[in-house]
>>> print(open('entry_13.cif').read())   # mmCIF, N, CA and C atoms
data_final
loop_
_atom_site.label_atom_id
_atom_site.label_comp_id
_atom_site.auth_asym_id
_atom_site.auth_seq_id
_atom_site.Cartn_x
_atom_site.Cartn_y
_atom_site.Cartn_z
N MET B 1023 -23.76 28.01 -23.44
CA MET B 1023 -24.97 27.99 -24.24
C MET B 1023 -25.75 26.70 -23.92
N PRO B 1024 -27.05 26.79 -23.64
CA PRO B 1024 -27.83 25.60 -23.31
C PRO B 1024 -27.93 24.65 -24.50
N ASP B 1025 -28.04 23.37 -24.19
CA ASP B 1025 -28.15 22.35 -25.23
C ASP B 1025 -29.63 22.11 -25.51
N PHE B 1026 -30.17 22.85 -26.48
CA PHE B 1026 -31.59 22.75 -26.79
C PHE B 1026 -31.94 21.41 -27.42
N SER B 1027 -30.99 20.78 -28.08
CA SER B 1027 -31.29 19.49 -28.69
C SER B 1027 -31.54 18.43 -27.62
N ALA B 1028 -30.80 18.49 -26.52
CA ALA B 1028 -31.02 17.55 -25.43
C ALA B 1028 -32.37 17.81 -24.77
N ASP B 1029 -32.73 19.08 -24.59
CA ASP B 1029 -34.03 19.43 -24.02
C ASP B 1029 -35.16 18.95 -24.92
N THR B 1030 -35.00 19.15 -26.22
CA THR B 1030 -36.01 18.72 -27.18
C THR B 1030 -36.14 17.20 -27.18
N GLU B 1031 -35.03 16.51 -27.10
CA GLU B 1031 -35.05 15.05 -27.07
C GLU B 1031 -35.76 14.54 -25.82
N LEU B 1032 -35.48 15.15 -24.68
CA LEU B 1032 -36.14 14.76 -23.44
C LEU B 1032 -37.64 15.03 -23.51
N LEU B 1033 -38.02 16.16 -24.10
CA LEU B 1033 -39.43 16.48 -24.28
C LEU B 1033 -40.10 15.46 -25.18
N ASN B 1034 -39.45 15.07 -26.26
CA ASN B 1034 -39.99 14.07 -27.17
C ASN B 1034 -40.14 12.72 -26.46
N LEU B 1035 -39.15 12.35 -25.65
CA LEU B 1035 -39.23 11.10 -24.90
C LEU B 1035 -40.37 11.14 -23.89
N SER B 1036 -40.53 12.27 -23.23
CA SER B 1036 -41.61 12.43 -22.26
C SER B 1036 -42.96 12.31 -22.94
N GLU B 1037 -43.11 12.93 -24.09
CA GLU B 1037 -44.36 12.84 -24.83
C GLU B 1037 -44.62 11.41 -25.28
N ALA B 1038 -43.60 10.72 -25.73
CA ALA B 1038 -43.75 9.32 -26.16
C ALA B 1038 -44.13 8.44 -24.97
N ALA B 1039 -43.53 8.70 -23.80
CA ALA B 1039 -43.86 7.93 -22.60
C ALA B 1039 -45.32 8.16 -22.21
N LYS B 1040 -45.79 9.40 -22.32
CA LYS B 1040 -47.19 9.70 -21.99
C LYS B 1040 -48.14 9.03 -22.97
N GLU B 1041 -47.77 9.00 -24.24
CA GLU B 1041 -48.60 8.32 -25.24
C GLU B 1041 -48.66 6.82 -24.96
N LEU B 1042 -47.53 6.24 -24.60
CA LEU B 1042 -47.50 4.82 -24.26
C LEU B 1042 -48.38 4.56 -23.05
N HIS B 1043 -48.27 5.40 -22.04
CA HIS B 1043 -49.09 5.23 -20.83
C HIS B 1043 -50.57 5.35 -21.17
N ASP B 1044 -50.92 6.28 -22.04
CA ASP B 1044 -52.33 6.42 -22.45
C ASP B 1044 -52.85 5.15 -23.11
N LEU B 1045 -51.98 4.47 -23.85
CA LEU B 1045 -52.38 3.21 -24.49
C LEU B 1045 -52.52 2.07 -23.48
N LEU B 1046 -51.70 2.09 -22.43
CA LEU B 1046 -51.66 0.99 -21.48
C LEU B 1046 -52.58 1.15 -20.27
N LYS B 1047 -52.93 2.38 -19.93
CA LYS B 1047 -53.74 2.58 -18.73
C LYS B 1047 -55.13 1.99 -18.94
N ILE B 1048 -55.68 1.51 -17.85
CA ILE B 1048 -56.99 0.88 -17.89
C ILE B 1048 -58.05 1.96 -17.74
N SER B 1049 -58.94 2.03 -18.70
CA SER B 1049 -59.99 3.04 -18.67
C SER B 1049 -61.08 2.63 -17.68
N ASP B 1050 -61.90 3.59 -17.32
CA ASP B 1050 -63.02 3.31 -16.42
C ASP B 1050 -63.93 2.23 -17.00
N ARG B 1051 -64.10 2.26 -18.31
CA ARG B 1051 -64.99 1.31 -18.98
C ARG B 1051 -64.46 -0.13 -18.91
N ASP B 1052 -63.12 -0.27 -18.93
CA ASP B 1052 -62.50 -1.60 -18.94
C ASP B 1052 -62.01 -2.05 -17.57
N TRP B 1053 -62.21 -1.21 -16.56
CA TRP B 1053 -61.63 -1.47 -15.24
C TRP B 1053 -61.99 -2.84 -14.69
N HIS B 1054 -63.27 -3.16 -14.65
CA HIS B 1054 -63.68 -4.42 -14.02
C HIS B 1054 -63.18 -5.65 -14.78
N GLN B 1055 -63.04 -5.51 -16.08
CA GLN B 1055 -62.54 -6.62 -16.90
C GLN B 1055 -61.03 -6.82 -16.73
N LEU B 1056 -60.27 -5.75 -16.58
CA LEU B 1056 -58.81 -5.84 -16.61
C LEU B 1056 -58.14 -5.62 -15.26
N LYS B 1057 -58.88 -5.29 -14.22
CA LYS B 1057 -58.26 -4.92 -12.94
C LYS B 1057 -57.44 -6.04 -12.32
N THR B 1058 -57.69 -7.28 -12.68
CA THR B 1058 -56.92 -8.39 -12.11
C THR B 1058 -55.89 -8.96 -13.09
N ASP B 1059 -55.77 -8.37 -14.27
CA ASP B 1059 -54.79 -8.83 -15.26
C ASP B 1059 -53.41 -8.32 -14.82
N ARG B 1060 -52.62 -9.20 -14.25
CA ARG B 1060 -51.36 -8.79 -13.65
C ARG B 1060 -50.38 -8.20 -14.66
N HIS B 1061 -50.38 -8.70 -15.88
CA HIS B 1061 -49.48 -8.15 -16.90
C HIS B 1061 -49.93 -6.75 -17.32
N ARG B 1062 -51.22 -6.57 -17.43
CA ARG B 1062 -51.73 -5.25 -17.80
C ARG B 1062 -51.47 -4.24 -16.69
N ARG B 1063 -51.71 -4.65 -15.44
CA ARG B 1063 -51.48 -3.75 -14.31
C ARG B 1063 -49.99 -3.40 -14.19
N ALA B 1064 -49.12 -4.38 -14.37
CA ALA B 1064 -47.68 -4.12 -14.30
C ALA B 1064 -47.25 -3.19 -15.43
N SER B 1065 -47.76 -3.42 -16.62
CA SER B 1065 -47.41 -2.57 -17.77
C SER B 1065 -47.85 -1.13 -17.54
N GLU B 1066 -49.04 -0.98 -17.00
CA GLU B 1066 -49.57 0.35 -16.71
C GLU B 1066 -48.66 1.08 -15.71
N GLN B 1067 -48.22 0.36 -14.69
CA GLN B 1067 -47.39 0.98 -13.66
C GLN B 1067 -45.97 1.25 -14.15
N ILE B 1068 -45.45 0.38 -14.98
CA ILE B 1068 -44.12 0.60 -15.55
C ILE B 1068 -44.13 1.83 -16.45
N SER B 1069 -45.17 1.98 -17.25
CA SER B 1069 -45.24 3.16 -18.13
C SER B 1069 -45.39 4.44 -17.30
N ALA B 1070 -46.13 4.39 -16.20
CA ALA B 1070 -46.24 5.55 -15.32
C ALA B 1070 -44.89 5.86 -14.67
N ALA B 1071 -44.16 4.82 -14.29
CA ALA B 1071 -42.82 5.02 -13.70
C ALA B 1071 -41.88 5.67 -14.71
N LEU B 1072 -42.00 5.30 -15.96
CA LEU B 1072 -41.16 5.89 -17.01
C LEU B 1072 -41.42 7.39 -17.12
N ILE B 1073 -42.67 7.79 -17.03
CA ILE B 1073 -43.01 9.22 -17.07
C ILE B 1073 -42.32 9.94 -15.92
N HIS B 1074 -42.40 9.38 -14.72
CA HIS B 1074 -41.76 10.00 -13.55
C HIS B 1074 -40.24 10.04 -13.71
N ALA B 1075 -39.67 8.97 -14.23
CA ALA B 1075 -38.21 8.90 -14.37
C ALA B 1075 -37.68 9.92 -15.37
N LEU B 1076 -38.48 10.28 -16.34
CA LEU B 1076 -38.05 11.24 -17.36
C LEU B 1076 -38.21 12.69 -16.92
N GLN B 1077 -38.80 12.92 -15.77
CA GLN B 1077 -38.95 14.28 -15.26
C GLN B 1077 -37.62 14.73 -14.65
N ALA B 1078 -36.91 15.54 -15.39
CA ALA B 1078 -35.61 16.03 -14.92
C ALA B 1078 -35.80 16.98 -13.75
N ASN B 1079 -34.98 16.79 -12.73
CA ASN B 1079 -34.98 17.66 -11.55
C ASN B 1079 -36.33 17.71 -10.85
N GLY B 1080 -37.10 16.66 -10.97
CA GLY B 1080 -38.40 16.64 -10.31
C GLY B 1080 -38.42 15.62 -9.18
N PRO B 1081 -39.52 15.56 -8.48
CA PRO B 1081 -39.65 14.61 -7.37
C PRO B 1081 -40.02 13.22 -7.85
N GLY B 1082 -39.81 12.94 -9.12
CA GLY B 1082 -40.29 11.71 -9.71
C GLY B 1082 -39.53 10.45 -9.36
N ASP B 1083 -38.31 10.55 -8.84
CA ASP B 1083 -37.51 9.35 -8.58
C ASP B 1083 -38.20 8.41 -7.60
N GLU B 1084 -38.67 8.97 -6.50
CA GLU B 1084 -39.31 8.14 -5.48
C GLU B 1084 -40.60 7.52 -6.01
N ALA B 1085 -41.38 8.30 -6.74
CA ALA B 1085 -42.61 7.78 -7.32
C ALA B 1085 -42.32 6.69 -8.34
N ALA B 1086 -41.28 6.88 -9.14
CA ALA B 1086 -40.91 5.87 -10.14
C ALA B 1086 -40.52 4.56 -9.47
N VAL B 1087 -39.74 4.64 -8.41
CA VAL B 1087 -39.32 3.43 -7.69
C VAL B 1087 -40.53 2.72 -7.10
N GLU B 1088 -41.45 3.46 -6.50
CA GLU B 1088 -42.64 2.85 -5.91
C GLU B 1088 -43.49 2.15 -6.97
N LEU B 1089 -43.65 2.79 -8.13
CA LEU B 1089 -44.42 2.18 -9.21
C LEU B 1089 -43.74 0.93 -9.75
N LEU B 1090 -42.42 0.97 -9.88
CA LEU B 1090 -41.69 -0.21 -10.37
C LEU B 1090 -41.77 -1.37 -9.38
N GLU B 1091 -41.67 -1.05 -8.09
CA GLU B 1091 -41.79 -2.09 -7.07
C GLU B 1091 -43.18 -2.71 -7.08
N SER B 1092 -44.19 -1.87 -7.26
CA SER B 1092 -45.56 -2.37 -7.35
C SER B 1092 -45.74 -3.25 -8.59
N ALA B 1093 -45.16 -2.83 -9.71
CA ALA B 1093 -45.23 -3.63 -10.93
C ALA B 1093 -44.59 -5.00 -10.73
N LEU B 1094 -43.46 -5.02 -10.04
CA LEU B 1094 -42.80 -6.31 -9.76
C LEU B 1094 -43.68 -7.20 -8.89
N ARG B 1095 -44.35 -6.60 -7.91
CA ARG B 1095 -45.24 -7.39 -7.06
C ARG B 1095 -46.40 -7.98 -7.87
N TRP B 1096 -46.92 -7.22 -8.82
CA TRP B 1096 -47.97 -7.75 -9.69
C TRP B 1096 -47.44 -8.94 -10.49
N LEU B 1097 -46.25 -8.80 -11.06
CA LEU B 1097 -45.70 -9.88 -11.88
C LEU B 1097 -45.36 -11.12 -11.06
N LYS B 1098 -44.97 -10.91 -9.81
CA LYS B 1098 -44.64 -12.05 -8.93
C LYS B 1098 -45.88 -12.62 -8.24
N ARG B 1099 -47.03 -12.08 -8.58
CA ARG B 1099 -48.31 -12.49 -7.96
C ARG B 1099 -48.33 -12.23 -6.46
N GLU B 1100 -47.61 -11.22 -6.02
CA GLU B 1100 -47.59 -10.84 -4.61
C GLU B 1100 -48.58 -9.71 -4.32
N GLN B 1101 -49.14 -9.14 -5.36
CA GLN B 1101 -50.08 -8.03 -5.20
C GLN B 1101 -51.34 -8.35 -5.99
N ARG B 1102 -52.47 -8.00 -5.40
CA ARG B 1102 -53.76 -8.21 -6.07
C ARG B 1102 -54.61 -6.96 -5.90
N ASP B 1103 -55.60 -6.85 -6.74
CA ASP B 1103 -56.53 -5.74 -6.62
C ASP B 1103 -57.38 -5.93 -5.35
N PRO B 1104 -57.48 -4.90 -4.52
CA PRO B 1104 -58.22 -5.05 -3.27
C PRO B 1104 -59.73 -5.08 -3.46
N GLY B 1105 -60.21 -4.82 -4.65
CA GLY B 1105 -61.64 -4.81 -4.89
C GLY B 1105 -62.21 -3.42 -4.69
N CYS B 1106 -63.46 -3.28 -5.02
CA CYS B 1106 -64.13 -1.98 -4.91
C CYS B 1106 -64.42 -1.70 -3.44
N PRO B 1107 -64.16 -0.47 -3.02
CA PRO B 1107 -64.49 -0.11 -1.65
C PRO B 1107 -66.00 -0.09 -1.43
N ARG B 1108 -66.41 -0.51 -0.28
CA ARG B 1108 -67.84 -0.49 0.06
C ARG B 1108 -68.20 0.88 0.58
N SER B 1109 -69.33 1.40 0.14
CA SER B 1109 -69.77 2.72 0.60
C SER B 1109 -70.54 2.62 1.89
#
>>> encode(input="entry_13.cif", output="structure tokens")
Amino acid sequence: MPDFSADTELLNLSEAAKELHDLLKISDRDWHQLKTDRHRRASEQISAALIHALQANGPGDEAAVELLESALRWLKREQRDPGCPRS
């Protein structure tokens, strides 16, 4: 018999992770003000990695690792925003 409580718990965690990411992601309106805030950028990427990590049996592991590595580079000041692309 499937464990529906575990599935429900994972779904609740996934929803909570998405809500957290929605709070942390930088909106279009705030982009220019916050794009160089290394703590904000790292937080945004860590919350996105959490969403990927909670996807059971999905391709999210590699994406989660890449986002976490990027977040670490932001915190170590090894990564910066490249700026707006020129048209």
>>> resolve_selection(input="entry_13.cif", expression="the PyMOL selection byres (((chain B and resi 1099 and name CA) around 12) and name CA)", output="list in words")
Thr1058, Asp1059, Arg1060, His1061, Arg1063, Ala1064, Ser1092, Ala1093, Leu1094, Arg1095, Trp1096, Leu1097, Lys1098, Glu1100, Gln1101, Arg1102 and Asp1103 of chain B
>>> residues_around(input="entry_13.cif", residues="range 1071-1076 of chain B", least_positions_apart="5", cutoff="6.5 Å", atoms="all atoms listed in the file", output="mmCIF file with N, CA and C atoms, in the frame of the given file")
data_model
loop_
_atom_site.group_PDB
_atom_site.id
_atom_site.type_symbol
_atom_site.label_atom_id
_atom_site.label_comp_id
_atom_site.auth_asym_id
_atom_site.auth_seq_id
_atom_site.Cartn_x
_atom_site.Cartn_y
_atom_site.Cartn_z
ATOM 1 N N SER B 1036 -40.530 12.270 -23.230
ATOM 2 C CA SER B 1036 -41.610 12.430 -22.260
ATOM 3 C C SER B 1036 -42.960 12.310 -22.940
ATOM 4 N N ALA B 1039 -43.530 8.700 -23.800
ATOM 5 C CA ALA B 1039 -43.860 7.930 -22.600
ATOM 6 C C ALA B 1039 -45.320 8.160 -22.210
ATOM 7 N N LYS B 1040 -45.790 9.400 -22.320
ATOM 8 C CA LYS B 1040 -47.190 9.700 -21.990
ATOM 9 C C LYS B 1040 -48.140 9.030 -22.970
ATOM 10 N N GLU B 1066 -49.040 -0.980 -17.000
ATOM 11 C CA GLU B 1066 -49.570 0.350 -16.710
ATOM 12 C C GLU B 1066 -48.660 1.080 -15.710
ATOM 13 N N GLY B 1082 -39.810 12.940 -9.120
ATOM 14 C CA GLY B 1082 -40.290 11.710 -9.710
ATOM 15 C C GLY B 1082 -39.530 10.450 -9.360
ATOM 16 N N ASP B 1083 -38.310 10.550 -8.840
ATOM 17 C CA ASP B 1083 -37.510 9.350 -8.580
ATOM 18 C C ASP B 1083 -38.200 8.410 -7.600
ATOM 19 N N ALA B 1085 -41.380 8.300 -6.740
ATOM 20 C CA ALA B 1085 -42.610 7.780 -7.320
ATOM 21 C C ALA B 1085 -42.320 6.690 -8.340
ATOM 22 N N ALA B 1086 -41.280 6.880 -9.140
ATOM 23 C CA ALA B 1086 -40.910 5.870 -10.140
ATOM 24 C C ALA B 1086 -40.520 4.560 -9.470
ATOM 25 N N VAL B 1087 -39.740 4.640 -8.410
ATOM 26 C CA VAL B 1087 -39.320 3.430 -7.690
ATOM 27 C C VAL B 1087 -40.530 2.720 -7.100
ATOM 28 N N LEU B 1089 -43.650 2.790 -8.130
ATOM 29 C CA LEU B 1089 -44.420 2.180 -9.210
ATOM 30 C C LEU B 1089 -43.740 0.930 -9.750
ATOM 31 N N LEU B 1090 -42.420 0.970 -9.880
ATOM 32 C CA LEU B 1090 -41.690 -0.210 -10.370
ATOM 33 C C LEU B 1090 -41.770 -1.370 -9.380
#
>>> axis_aligned_box(input="entry_13.cif", around="range 1058-1076 of chain B", padding_each_side="5 Å", output="JSON")
{"center_x": -47.7, "center_y": 1.7, "center_z": -15.1, "size_x": 30.0, "size_y": 31.9, "size_z": 16.0}
>>> select_by_dssp(input="entry_13.cif", residues="chain B", states="alpha helix (DSSP H)", output="number ranges by chain")
B: 1026-1046, 1053-1056, 1060-1075, 1082-1097
>>> closest_residue(input="entry_13.cif", among="B:Gln1077, B:Gly1105, B:Leu1056, B:Ser1069", to="Leu1042 in chain B", atoms="only C-alpha atoms")
B:Ser1069
>>> closest_residue(input="entry_13.cif", among="B:Glu1037, B:Cys1106, B:Leu1046, B:Asp1029", to="Gln1067 in chain B", atoms="only C-alpha atoms")
B:Leu1046
>>> closest_residue(input="entry_13.cif", among="B:Glu1091, B:Gly1080, B:Ile1068, B:Thr1030", to="His1043 in chain B", atoms="only N, CA and C atoms")
B:Ile1068
>>> atom_distance(input="entry_13.cif", atom1="CA of Lys1057 in chain B", atom2="CA of Pro1104 in chain B")
9.7 Å
>>> atom_distance(input="entry_13.cif", atom1="atom N of Asp1044 in chain B", atom2="CA of Ala1070 in chain B")
8.2 Å
>>> atom_distance(input="entry_13.cif", atom1="atom C of Ser1049 in chain B", atom2="CA of Arg1062 in chain B")
12.2 Å
